[in-house]
$ cat run_27.cif   # mmCIF, C-alpha atoms
data_model
#
loop_
_atom_site.label_atom_id
_atom_site.label_comp_id
_atom_site.auth_asym_id
_atom_site.auth_seq_id
_atom_site.Cartn_x
_atom_site.Cartn_y
_atom_site.Cartn_z
CA MET A 1 81.72 85.85 76.37
CA ASP A 2 79.46 87.79 74.02
CA LEU A 3 80.93 87.86 70.52
CA ASP A 4 79.93 91.46 69.80
CA PHE A 5 81.63 92.62 72.97
CA LEU A 6 84.76 90.62 72.15
CA VAL A 7 84.93 92.15 68.70
CA VAL A 8 84.49 95.68 70.06
CA GLN A 9 87.26 95.07 72.59
CA PHE A 10 89.43 93.60 69.85
CA GLN A 11 88.88 96.72 67.77
CA LYS A 12 90.09 98.72 70.79
CA LYS A 13 93.31 96.66 70.59
CA ASP A 14 92.51 94.58 73.63
CA GLU A 15 94.96 91.66 73.66
CA LYS A 16 92.74 89.41 75.74
CA ALA A 17 89.89 89.79 73.26
CA PHE A 18 92.31 89.16 70.41
CA GLU A 19 93.43 85.95 72.05
CA SER A 20 89.83 84.84 72.65
CA LEU A 21 88.93 85.41 69.01
CA TYR A 22 92.09 83.60 67.95
CA ASN A 23 91.07 80.62 70.06
CA MET A 24 87.60 80.68 68.51
CA TYR A 25 88.64 80.86 64.85
CA SER A 26 92.29 79.86 64.43
CA GLU A 27 91.64 76.17 63.88
CA SER A 28 89.02 76.87 61.26
CA MET A 29 91.31 79.34 59.48
CA HIS A 30 94.16 76.88 59.67
CA GLY A 31 91.95 74.33 57.92
CA VAL A 32 91.03 76.75 55.16
CA ILE A 33 94.63 77.91 54.66
CA PHE A 34 96.12 74.44 54.76
CA ASN A 35 93.54 73.21 52.27
CA ILE A 36 94.73 75.86 49.86
CA VAL A 37 98.52 75.75 50.35
CA ARG A 38 98.90 72.07 51.33
CA ASP A 39 102.15 72.72 53.18
CA HIS A 40 102.51 72.84 56.97
CA ALA A 41 105.24 75.45 57.16
CA ILE A 42 103.65 77.70 54.57
CA ALA A 43 100.24 77.31 56.23
CA GLU A 44 101.67 78.47 59.57
CA GLU A 45 103.36 81.38 57.89
CA VAL A 46 100.08 82.41 56.26
CA MET A 47 98.30 81.95 59.61
CA GLN A 48 100.63 84.50 61.15
CA ASP A 49 100.11 86.91 58.28
CA VAL A 50 96.33 86.57 58.57
CA PHE A 51 96.14 87.37 62.26
CA ILE A 52 98.69 90.17 62.00
CA LYS A 53 96.59 91.63 59.20
CA ALA A 54 93.40 91.18 61.23
CA TRP A 55 94.95 93.13 64.12
CA HIS A 56 95.97 96.00 61.87
CA LYS A 57 92.70 96.05 59.92
CA ALA A 58 90.47 95.55 62.97
CA ASP A 59 88.75 98.91 62.63
CA THR A 60 87.64 98.15 59.07
CA TYR A 61 85.32 95.43 60.35
CA SER A 62 81.66 96.24 60.89
CA SER A 63 78.97 93.75 61.90
CA SER A 64 76.63 95.23 59.29
CA LYS A 65 78.97 94.04 56.54
CA GLY A 66 78.97 90.44 57.69
CA ARG A 67 79.84 87.95 60.39
CA PHE A 68 83.21 88.29 62.10
CA PHE A 69 83.92 84.69 61.10
CA THR A 70 83.22 85.60 57.50
CA TRP A 71 85.45 88.66 57.73
CA ILE A 72 88.44 86.71 58.96
CA LEU A 73 87.62 83.83 56.59
CA ASN A 74 87.97 86.25 53.68
CA ILE A 75 91.31 87.50 54.97
CA ALA A 76 92.54 83.92 55.35
CA ARG A 77 91.39 82.74 51.93
CA ASN A 78 92.83 85.76 50.18
CA ALA A 79 96.16 85.47 51.98
CA ALA A 80 96.41 81.77 51.19
CA ILE A 81 95.43 82.22 47.56
CA ASP A 82 97.93 85.10 47.23
CA LYS A 83 100.55 82.74 48.55
CA THR A 84 99.78 80.09 45.92
CA ARG A 85 100.18 82.72 43.23
CA SER A 86 103.71 83.67 44.28
CA LYS A 87 106.50 82.46 42.05
CA ALA A 88 108.29 80.57 44.77
CA PHE A 89 105.12 78.69 45.60
CA LYS A 90 104.34 77.78 42.03
CA LYS A 91 107.75 76.25 41.60
CA SER A 92 107.45 73.96 44.58
CA LYS A 93 103.82 72.94 44.25
CA GLN A 94 102.11 71.45 41.26
CA ASN A 95 98.65 70.14 40.46
CA LEU A 96 96.85 71.44 43.52
CA ASP A 97 93.57 71.97 41.80
CA SER A 98 92.54 68.37 41.84
CA ASP A 99 92.68 68.14 45.64
CA PHE A 100 89.59 68.92 47.68
CA PHE A 101 89.30 69.48 51.40
CA VAL A 102 87.70 66.07 51.64
CA ASP A 103 91.03 64.44 50.89
CA ILE A 104 92.59 66.00 53.93
CA ILE A 105 89.74 64.92 56.14
CA ALA A 106 89.48 61.49 54.57
CA THR A 107 93.16 60.73 55.04
CA GLY A 108 92.61 61.49 58.70
CA GLU A 109 95.72 63.61 58.97
CA SER A 110 94.01 66.26 61.04
CA LEU A 111 91.42 64.17 62.85
CA ASP A 112 93.15 63.52 66.12
CA GLN A 113 91.09 63.84 69.25
CA LYS A 114 88.36 66.09 67.95
CA THR A 115 84.89 65.34 69.21
CA ASP A 116 83.35 66.22 65.88
CA ALA A 117 85.77 64.00 64.01
CA ILE A 118 83.42 61.08 63.71
CA GLY A 119 80.53 63.21 62.46
CA ILE A 120 82.70 65.05 59.95
CA LYS A 121 84.29 61.83 58.75
CA LYS A 122 80.87 60.28 58.29
CA PHE A 123 79.72 63.38 56.47
CA VAL A 124 82.70 63.39 54.15
CA ASP A 125 82.34 59.69 53.46
CA LYS A 126 78.69 60.07 52.63
CA LEU A 127 79.02 63.35 50.85
CA ALA A 128 77.97 63.33 47.28
CA GLU A 129 80.53 64.53 44.79
CA LYS A 130 78.36 67.50 43.95
CA CYS A 131 78.39 68.60 47.60
CA LYS A 132 82.14 68.24 47.90
CA SER A 133 82.89 70.53 45.00
CA VAL A 134 80.27 73.14 45.93
CA ILE A 135 81.46 73.39 49.52
CA GLU A 136 85.08 73.38 48.43
CA LEU A 137 84.57 76.29 46.06
CA LEU A 138 82.22 78.41 48.18
CA TYR A 139 83.70 77.95 51.65
CA PHE A 140 87.30 76.95 51.15
CA ARG A 141 88.02 79.00 48.05
CA GLY A 142 85.55 81.85 48.27
CA TYR A 143 84.14 81.51 44.79
CA THR A 144 81.06 83.60 44.10
CA GLN A 145 77.90 81.85 42.88
CA THR A 146 78.66 82.92 39.35
CA GLU A 147 82.28 81.73 39.51
CA ALA A 148 81.17 78.43 40.99
CA SER A 149 78.46 77.97 38.39
CA GLU A 150 81.03 78.50 35.64
CA ALA A 151 83.61 76.23 37.26
CA LEU A 152 81.10 73.45 37.80
CA ASN A 153 79.09 74.13 34.67
CA MET A 154 75.89 74.44 36.68
CA PRO A 155 73.09 77.05 36.76
CA VAL A 156 73.53 79.74 39.47
CA GLY A 157 70.24 78.84 41.18
CA THR A 158 71.30 75.21 41.44
CA ILE A 159 74.56 76.19 43.16
CA LYS A 160 72.59 78.07 45.78
CA THR A 161 70.05 75.37 46.61
CA ARG A 162 72.57 72.56 46.41
CA ASN A 163 74.84 74.34 48.81
CA ARG A 164 71.89 74.86 51.13
CA ASN A 165 71.08 71.17 51.10
CA CYS A 166 74.70 70.12 51.58
CA ILE A 167 75.15 72.41 54.57
CA LYS A 168 71.85 71.20 56.00
CA GLU A 169 73.16 67.67 55.83
CA LEU A 170 76.35 68.78 57.56
CA ARG A 171 74.38 70.48 60.30
CA ASN A 172 72.38 67.34 60.93
CA LEU A 173 75.56 65.39 61.38
CA VAL A 174 77.63 67.77 63.50
CA LEU A 175 75.12 69.92 65.39
CA ASN A 176 72.39 67.45 66.36
CA MET B 1 59.02 88.18 52.03
CA ASP B 2 58.14 84.91 53.69
CA ILE B 3 60.88 84.15 56.20
CA LYS B 4 60.82 80.42 55.57
CA THR B 5 61.20 80.89 51.84
CA TYR B 6 63.98 83.36 52.48
CA ILE B 7 65.86 80.89 54.65
CA GLU B 8 65.32 78.03 52.22
CA SER B 9 66.63 80.11 49.31
CA GLY B 10 70.19 79.30 50.47
CA ILE B 11 71.29 82.94 50.66
CA LEU B 12 72.30 82.60 54.32
CA GLU B 13 74.80 79.84 53.52
CA LEU B 14 76.37 82.13 50.93
CA TYR B 15 76.32 84.98 53.45
CA VAL B 16 78.34 82.95 55.95
CA ALA B 17 80.69 81.77 53.18
CA GLY B 18 81.35 85.43 52.43
CA VAL B 19 80.65 85.22 48.72
CA LEU B 20 77.78 87.70 48.45
CA SER B 21 78.03 91.27 47.18
CA GLU B 22 78.23 94.15 49.62
CA LYS B 23 74.63 95.12 48.86
CA GLU B 24 73.39 91.56 49.47
CA ASN B 25 75.31 91.46 52.74
CA GLN B 26 73.52 94.61 53.90
CA GLU B 27 70.16 93.08 53.02
CA VAL B 28 70.86 89.86 54.93
CA TYR B 29 72.06 91.88 57.92
CA GLY B 30 68.81 93.85 57.87
CA MET B 31 66.72 90.68 57.75
CA MET B 32 68.81 89.13 60.50
CA MET B 33 68.27 92.11 62.81
CA GLU B 34 64.56 92.05 62.09
CA HIS B 35 63.94 88.32 62.44
CA PRO B 36 65.54 86.36 65.27
CA GLU B 37 64.89 83.05 63.48
CA ILE B 38 67.08 84.22 60.58
CA LEU B 39 69.87 85.17 62.99
CA GLN B 40 69.52 81.75 64.62
CA GLU B 41 69.80 80.08 61.23
CA VAL B 42 72.93 82.09 60.42
CA LEU B 43 74.52 81.12 63.75
CA GLU B 44 73.91 77.43 63.07
CA ILE B 45 75.29 77.63 59.53
CA GLU B 46 78.34 79.45 60.86
CA SER B 47 78.84 76.86 63.58
CA ALA B 48 78.69 74.02 61.06
CA ALA B 49 81.07 75.83 58.72
CA ILE B 50 83.58 76.38 61.53
CA LYS B 51 83.45 72.67 62.40
CA LEU B 52 83.87 71.61 58.81
CA THR B 53 86.82 73.91 58.08
CA SER B 54 88.41 73.06 61.43
CA ALA B 55 88.35 69.41 60.41
CA ALA B 56 90.78 70.24 57.63
CA ALA B 57 93.27 71.92 59.99
CA PRO B 58 96.58 70.19 60.71
CA ALA B 59 96.95 68.87 64.24
CA THR B 60 99.43 71.27 65.76
CA ASN B 61 99.96 73.60 68.68
CA ARG B 62 98.34 76.78 67.46
CA SER B 63 99.24 78.83 70.54
CA LYS B 64 102.79 78.79 69.17
CA ILE B 65 101.54 80.56 66.08
CA PHE B 66 99.69 83.10 68.18
CA GLN B 67 102.81 83.79 70.19
CA ALA B 68 104.64 84.49 66.91
CA VAL B 69 101.82 86.87 65.94
CA LYS B 70 102.09 88.71 69.26
CA ASP B 71 105.87 88.90 68.99
CA HIS B 72 105.55 90.36 65.55
CA LEU B 73 102.99 92.93 66.73
CA GLY B 74 105.15 93.79 69.73
CA LEU B 75 102.39 92.72 72.11
CA SER B 76 103.32 91.61 75.60
CA LYS B 77 104.26 88.02 76.22
CA SER B 78 102.05 86.29 78.71
CA GLY B 79 104.91 86.12 81.22
CA LYS B 80 105.78 89.75 80.83
CA VAL B 81 102.21 90.99 81.00
CA VAL B 82 102.29 90.42 84.71
CA SER B 83 105.69 91.96 85.32
CA ILE B 84 104.89 95.07 83.33
CA THR B 85 101.39 95.71 84.59
CA LYS B 86 101.93 94.61 88.16
CA PRO B 87 104.27 97.39 89.31
CA LYS B 88 101.91 99.88 87.71
CA TYR B 89 99.06 98.37 89.65
CA ASN B 90 101.12 98.24 92.80
CA TRP B 91 102.31 101.80 92.43
CA ILE B 92 98.73 103.03 92.30
CA THR B 93 97.69 100.74 95.10
CA TYR B 94 100.55 101.75 97.37
CA THR B 95 100.01 105.42 96.68
CA GLY B 96 96.34 104.99 97.42
CA TRP B 97 97.01 103.20 100.69
CA ALA B 98 99.66 105.70 101.67
CA ALA B 99 97.26 108.56 101.01
CA ALA B 100 94.55 106.81 103.01
CA ILE B 101 96.89 106.24 105.95
CA ILE B 102 98.18 109.81 105.91
CA LEU B 103 94.62 111.08 105.75
CA GLY B 104 93.65 108.78 108.61
CA LEU B 105 96.56 109.93 110.77
CA GLY B 106 95.77 113.51 109.89
CA LEU B 107 92.17 113.09 110.98
CA MET B 108 93.27 111.47 114.23
CA TRP B 109 95.67 114.33 114.88
CA PHE B 110 92.93 116.86 114.17
CA ALA B 111 90.50 115.03 116.43
CA ASN B 112 93.06 114.97 119.22
CA GLU B 113 93.96 118.61 118.66
CA ASN B 114 90.28 119.47 118.74
CA ARG B 115 89.77 117.61 122.02
CA GLN B 116 92.76 119.41 123.49
CA LEU B 117 91.44 122.80 122.39
CA GLU B 118 87.99 122.05 123.78
CA SER B 119 89.60 121.13 127.07
CA ASP B 120 91.64 124.36 127.00
CA ILE B 121 88.50 126.36 126.36
CA LYS B 122 86.80 124.74 129.35
CA ILE B 123 89.77 125.56 131.55
CA SER B 124 89.84 129.11 130.25
CA ASN B 125 86.12 129.51 130.91
CA THR B 126 86.61 128.32 134.47
CA GLN B 127 89.46 130.79 134.91
CA ILE B 128 87.30 133.55 133.49
CA ASP B 129 84.57 132.67 135.98
CA LEU B 130 87.09 132.75 138.80
CA LEU B 131 88.52 136.06 137.68
CA GLU B 132 85.04 137.54 137.30
CA THR B 133 84.24 136.43 140.82
CA GLN B 134 87.46 138.01 142.06
CA ILE B 135 86.71 141.20 140.17
CA GLU B 136 83.24 141.19 141.70
CA LEU B 137 84.76 140.65 145.13
CA SER B 138 87.32 143.37 144.53
CA LYS B 139 84.60 145.74 143.45
CA THR B 140 82.69 144.96 146.58
CA SER B 141 85.80 145.49 148.68
CA LEU B 142 86.50 148.71 146.89
CA GLU B 143 82.97 149.90 147.49
CA GLU B 144 83.29 148.99 151.11
CA ALA B 145 86.62 150.77 151.33
CA ASN B 146 85.18 153.82 149.63
CA THR B 147 82.25 153.78 151.97
CA LEU B 148 84.64 153.60 154.92
CA ILE B 149 86.72 156.44 153.59
CA SER B 150 83.62 158.55 153.08
CA VAL B 151 82.53 157.70 156.61
CA LEU B 152 85.92 158.63 158.05
CA ARG B 153 85.91 161.93 156.25
CA ASP B 154 82.33 162.79 156.99
CA GLU B 155 82.03 165.74 159.43
CA ASN B 156 78.76 164.42 160.76
CA ILE B 157 80.30 161.19 161.89
CA THR B 158 81.00 160.95 165.58
CA GLN B 159 84.12 159.02 166.51
CA VAL B 160 84.01 157.10 169.76
CA PRO B 161 87.22 155.30 170.88
CA LEU B 162 86.50 152.30 173.10
CA ALA B 163 89.26 151.63 175.61
CA GLY B 164 90.17 148.26 177.03
CA GLN B 165 88.71 147.52 180.44
CA GLY B 166 90.21 145.67 183.43
CA HIS B 167 91.77 142.39 182.27
CA PHE B 168 91.27 143.46 178.71
CA SER B 169 93.11 146.78 178.90
CA SER B 170 95.29 145.81 176.00
CA THR B 171 92.24 145.63 173.75
CA TYR B 172 90.61 148.51 171.99
CA ALA B 173 87.96 149.36 169.44
CA LYS B 174 86.45 152.38 167.78
CA VAL B 175 82.93 153.32 166.82
CA TYR B 176 82.06 155.68 163.98
CA TRP B 177 78.50 156.80 164.52
CA ASP B 178 76.55 158.16 161.58
CA LYS B 179 73.58 159.70 163.30
CA THR B 180 71.88 160.84 160.13
CA SER B 181 71.55 157.31 158.79
CA ASN B 182 71.20 155.61 162.16
CA ARG B 183 74.14 153.33 161.91
CA ILE B 184 77.51 152.76 163.42
CA PHE B 185 80.71 151.32 162.00
CA LEU B 186 82.59 149.33 164.58
CA ASP B 187 86.32 148.91 164.05
CA ALA B 188 87.11 145.85 166.12
CA GLN B 189 90.65 145.34 164.90
CA GLY B 190 91.98 145.62 168.48
CA LEU B 191 89.95 142.69 169.82
CA PRO B 192 91.27 139.13 169.99
CA GLU B 193 89.37 136.29 168.35
CA PRO B 194 86.55 135.16 170.63
CA PRO B 195 87.02 131.65 172.11
CA GLN B 196 84.95 128.80 170.76
CA GLY B 197 81.30 129.03 171.85
CA THR B 198 81.43 132.73 172.61
CA VAL B 199 80.60 135.85 170.68
CA TYR B 200 81.15 139.60 171.02
CA GLN B 201 77.98 141.57 171.73
CA VAL B 202 77.75 145.30 171.11
CA TRP B 203 75.85 147.49 173.47
CA SER B 204 74.46 151.01 173.32
CA LEU B 205 74.44 152.59 176.79
CA LYS B 206 72.58 155.33 178.59
CA LEU B 207 74.63 156.54 181.50
CA SER B 208 72.13 157.88 184.07
CA PRO B 209 70.78 155.52 184.88
CA LEU B 210 72.99 152.93 183.30
CA THR B 211 70.80 151.25 180.68
CA PRO B 212 72.30 148.88 178.15
CA THR B 213 70.57 148.20 174.85
CA SER B 214 71.88 145.37 172.70
CA LEU B 215 72.90 146.29 169.16
CA GLY B 216 73.43 142.63 168.32
CA THR B 217 76.18 140.06 168.29
CA ILE B 218 79.12 139.99 165.84
CA ASP B 219 78.68 136.48 164.52
CA ASP B 220 81.11 136.83 161.63
CA PHE B 221 84.01 138.25 163.61
CA ILE B 222 86.52 135.57 162.64
CA SER B 223 85.64 135.43 158.96
CA ASP B 224 85.54 139.20 158.45
CA GLU B 225 88.82 140.42 157.13
CA ASN B 226 88.93 144.11 157.94
CA LYS B 227 87.06 143.67 161.24
CA ILE B 228 84.84 146.64 160.48
CA PHE B 229 81.18 145.96 161.08
CA GLU B 230 78.19 148.04 160.08
CA ILE B 231 75.47 147.96 162.71
CA GLU B 232 72.12 149.68 162.86
CA ASN B 233 71.70 152.01 165.80
CA THR B 234 68.54 154.07 166.40
CA ASN B 235 69.35 154.79 170.03
CA GLU B 236 70.33 158.08 171.63
CA SER B 237 73.54 156.43 172.73
CA GLU B 238 75.78 158.02 175.39
CA ALA B 239 78.34 155.24 175.38
CA PHE B 240 79.23 151.99 173.55
CA GLY B 241 80.52 148.78 175.08
CA ILE B 242 81.55 145.36 173.90
CA THR B 243 81.22 142.25 176.02
CA LEU B 244 82.02 138.61 175.41
CA GLU B 245 78.87 136.53 175.71
CA PRO B 246 77.93 132.90 175.16
CA ALA B 247 77.03 132.12 171.54
CA GLY B 248 73.64 133.61 170.68
CA GLY B 249 74.17 136.63 172.92
CA SER B 250 72.66 137.68 176.24
CA GLU B 251 69.78 139.85 177.44
CA THR B 252 72.04 141.93 179.59
CA PRO B 253 75.79 142.46 179.35
CA THR B 254 78.03 140.26 181.44
CA MET B 255 80.08 142.95 183.11
CA GLU B 256 82.93 140.60 184.00
CA GLN B 257 83.49 140.11 180.32
CA LEU B 258 83.38 143.80 179.37
CA TYR B 259 86.26 144.21 176.96
CA THR B 260 86.02 147.78 175.81
CA LEU B 261 83.98 150.81 176.65
CA GLY B 262 83.86 154.37 175.35
CA VAL B 263 81.75 157.43 176.09
CA VAL B 264 80.30 159.59 173.36
CA LYS B 265 81.63 163.12 173.55
CA SER B 266 78.82 165.57 173.48
#

$ encode --input "run_27.cif" --output "C-alpha cells"
Amino acid sequence: MDLDFLVVQFQKKDEKAFESLYNMYSESMHGVIFNIVRDHAIAEEVMQDVFIKAWHKADTYSSSKGRFFTWILNIARNAAIDKTRSKAFKKSKQNLDSDFFVDIIATGESLDQKTDAIGIKKFVDKLAEKCKSVIELLYFRGYTQTEASEALNMPVGTIKTRNRNCIKELRNLVLN
Amino acid sequence: MDIKTYIESGILELYVAGVLSEKENQEVYGMMMEHPEILQEVLEIESAAIKLTSAAAPATNRSKIFQAVKDHLGLSKSGKVVSITKPKYNWITYTGWAAAIILGLGLMWFANENRQLESDIKISNTQIDLLETQIELSKTSLEEANTLISVLRDENITQVPLAGQGHFSSTYAKVYWDKTSNRIFLDAQGLPEPPQGTVYQVWSLKLSPLTPTSLGTIDDFISDENKIFEIENTNESEAFGITLEPAGGSETPTMEQLYTLGVVKS
C-alpha cells in the first residue's frame, strides 16, 4: 500500500494502518533501541513506549519535515537514550559506549532467517572502522554532523562524505 | 544546483538519519518534490538504513509487543474487532434488507390495489353505460307514453273500437285516428300472438263498395311491449280491420282470418 496513504490513515487513528506501519518499521526500531539499551526486556519496554508515543503524537508528523521512517527513528532513539540516562539503568549497565551495532550483528545474535543476513554480515565484516563509527553515531545514536565530528575528531565535511560512501557500500551489498 | 553534485554531497544520507536541522529538512523536501531522481535516491538510502538497523534487532516475536501497545492504547484486540464490529454491520445490513423487503411488499400491494381499482373502474364504466342506455330507453318510453296520452286526450282524434269477429269474437283492438297528421295508433293489446309464419295485417276499408287498402303488416307484434303501433294512414277510411296473413302480408285480406273489425263513426 502507498506509504503516504498509510500515514494519513494512521493520523486518522486507523488501527489497520497503524499495524501496517508497525510491521514495516518495528524490526528496524527494535534494532536501534536494542543497540542503545543492550537489554532484551528493556528494549521491548522501550519499543512499547515508542509506538504508544507515535500513536499519540501522530498528528505532529508532516511529510514536509522528513520521512516517516526518520520521524519514528527519532522517537525511538530519544526514548532509548532517555532510558539509558535513568538512574535505574545506569546502575545495572556499565561501559556501553564501547559497543557498536556491529558487535550485535557480528555475534550473529539477531541474524536468524533473514534474507539480508548474509549481505549485512559481509558488509559488517568488510566495513572499515571509520564507517562503523560514523554509521553508529549518525543512524543509531542520532548525532548531528557537528557532534559526530567532535566525537570522532574529524572535520564536518569529512563526516558527510564518508557517511555517503559507507551507505553507498551498504546499498551495493543489500539492495543490488 | 547540479542534482548530481547535490546527491553526492551526502546530505540525503543525513536527511534519512534525521540529523539535519529543520531548515535543512525543508530544503531537502523541496528538492525531493522537484526532482524525482532525488526522491529515488532518498528511498534507496532509507531502504538500506532500514535493513541495516533491522539486522541489529533481537530475534523475537514482535507482534506480541504490538499487542501490548494496542492493549495499552485500549485498541481492539484482533479477536474482538470482529465481534464488536460485526453486530454493527449486521444491524445495518438487516435493517437495510428489512426496509427493502417492506418496500417491495408495499409496492406489490400498491400494484395489486391499483389493478383492482382499474378493474373496478372498468366495471363501473360498463354499469354507467348500461344505466345510460336504460335512461335513454326510459326517456324514449316516456316520450312514447306522453305521445299516447296526448293522442288519447286530443279532441281531434277519432276513436274506433274494433270488435272480434266470428271465431275471434274474444279478441278486440282499438284504433286512434289522427286525421290531421294522417296516422293511426293501433292498440292491439286484445289480440293473441300470431302463430309462427303468420302476421297481422291492418286494413283501411271503404264500405260501399267494400274496398280494402292495406296499411301494412305488424311485423314487430311479439317484440313490442305495449302493443300500440303507429301507422301512416292517408286514406278516407270508413272502417278498419285486422286479418291474419302469411308472413309478408297479402294483396287482399283473407276474410276467413278476419280477427277484428270496426266502423268509423261519422

$ atom_distance --input "run_27.cif" --atom1 "CA of Gln145 in chain A" --atom2 "CA of Glu27 in chain B"
17.0 Å

$ resolve_selection --input "run_27.cif" --expression "the PyMOL selection byres ((chain B) within 9 of (chain A))" --output "count of residues only"
49

$ atom_distance --input "run_27.cif" --atom1 "CA of Ala151 in chain A" --atom2 "CA of Val134 in chain A"
9.8 Å

$ atom_distance --input "run_27.cif" --atom1 "CA of Gly197 in chain B" --atom2 "CA of Thr211 in chain B"
26.1 Å

$ residues_around --input "run_27.cif" --residues "Asp14 in chain A" --least-positions-apart "6" --cutoff "12 Å" --atoms "all atoms listed in the file" --output "ChimeraX atom specification"
/A:5-8,20-21,55,58 /B:75-76

$ closest_residue --input "run_27.cif" --among "B:Glu245, B:Glu24, B:Glu256, B:Glu144" --to "Ile228 in chain B" --atoms "only C-alpha atoms"
B:Glu144

$ residues_around --input "run_27.cif" --residues "range 156-168 of chain B" --least-positions-apart "6" --cutoff "7 Å" --atoms "all atoms listed in the file" --output "ChimeraX atom specification"
/B:174-178,258-264

$ residues_near_point --input "run_27.cif" --point "(63.1, 78.1, 59.0)" --cutoff "12 Å" --atoms "only C-alpha atoms" --output "list in words"
Lys168 of chain A; Asp2, Ile3, Lys4, Thr5, Tyr6, Ile7, Glu8, Ser9, Gly10, Leu12, His35, Pro36, Glu37, Ile38, Leu39, Gln40, Glu41, Val42 and Glu44 of chain B

$ write_last_selection --input "run_27.cif" --atoms "C-alpha atoms" --output "compact mmCIF listing (two decimals), in the coordinates of the input"
# COMPACT_ATOMS: atom_id res chain seq x y z
CA LYS A 168 71.85 71.20 56.00
CA ASP B 2 58.14 84.91 53.69
CA ILE B 3 60.88 84.15 56.20
CA LYS B 4 60.82 80.42 55.57
CA THR B 5 61.20 80.89 51.84
CA TYR B 6 63.98 83.36 52.48
CA ILE B 7 65.86 80.89 54.65
CA GLU B 8 65.32 78.03 52.22
CA SER B 9 66.63 80.11 49.31
CA GLY B 10 70.19 79.30 50.47
CA LEU B 12 72.30 82.60 54.32
CA HIS B 35 63.94 88.32 62.44
CA PRO B 36 65.54 86.36 65.27
CA GLU B 37 64.89 83.05 63.48
CA ILE B 38 67.08 84.22 60.58
CA LEU B 39 69.87 85.17 62.99
CA GLN B 40 69.52 81.75 64.62
CA GLU B 41 69.80 80.08 61.23
CA VAL B 42 72.93 82.09 60.42
CA GLU B 44 73.91 77.43 63.07

$ closest_residue --input "run_27.cif" --among "B:Leu107, B:Lys227, B:Ile92, B:Trp97" --to "Gln189 in chain B" --atoms "only C-alpha atoms"
B:Lys227

$ residues_near_point --input "run_27.cif" --point "(82.0, 138.0, 168.9)" --cutoff "9 Å" --atoms "all atoms listed in the file" --output "count of residues only"
20

$ axis_aligned_box --input "run_27.cif" --around "range 30-49 of chain A" --padding-each-side "8 Å" --output "lines of an AutoDock Vina configuration file"
center_x = 98.1
center_y = 79.5
center_z = 55.5
size_x = 30.2
size_y = 30.8
size_z = 27.3

$ closest_residue --input "run_27.cif" --among "B:Pro246, B:Ala188, B:Ser208, B:Leu131" --to "Asp224 in chain B" --atoms "only C-alpha atoms"
B:Ala188
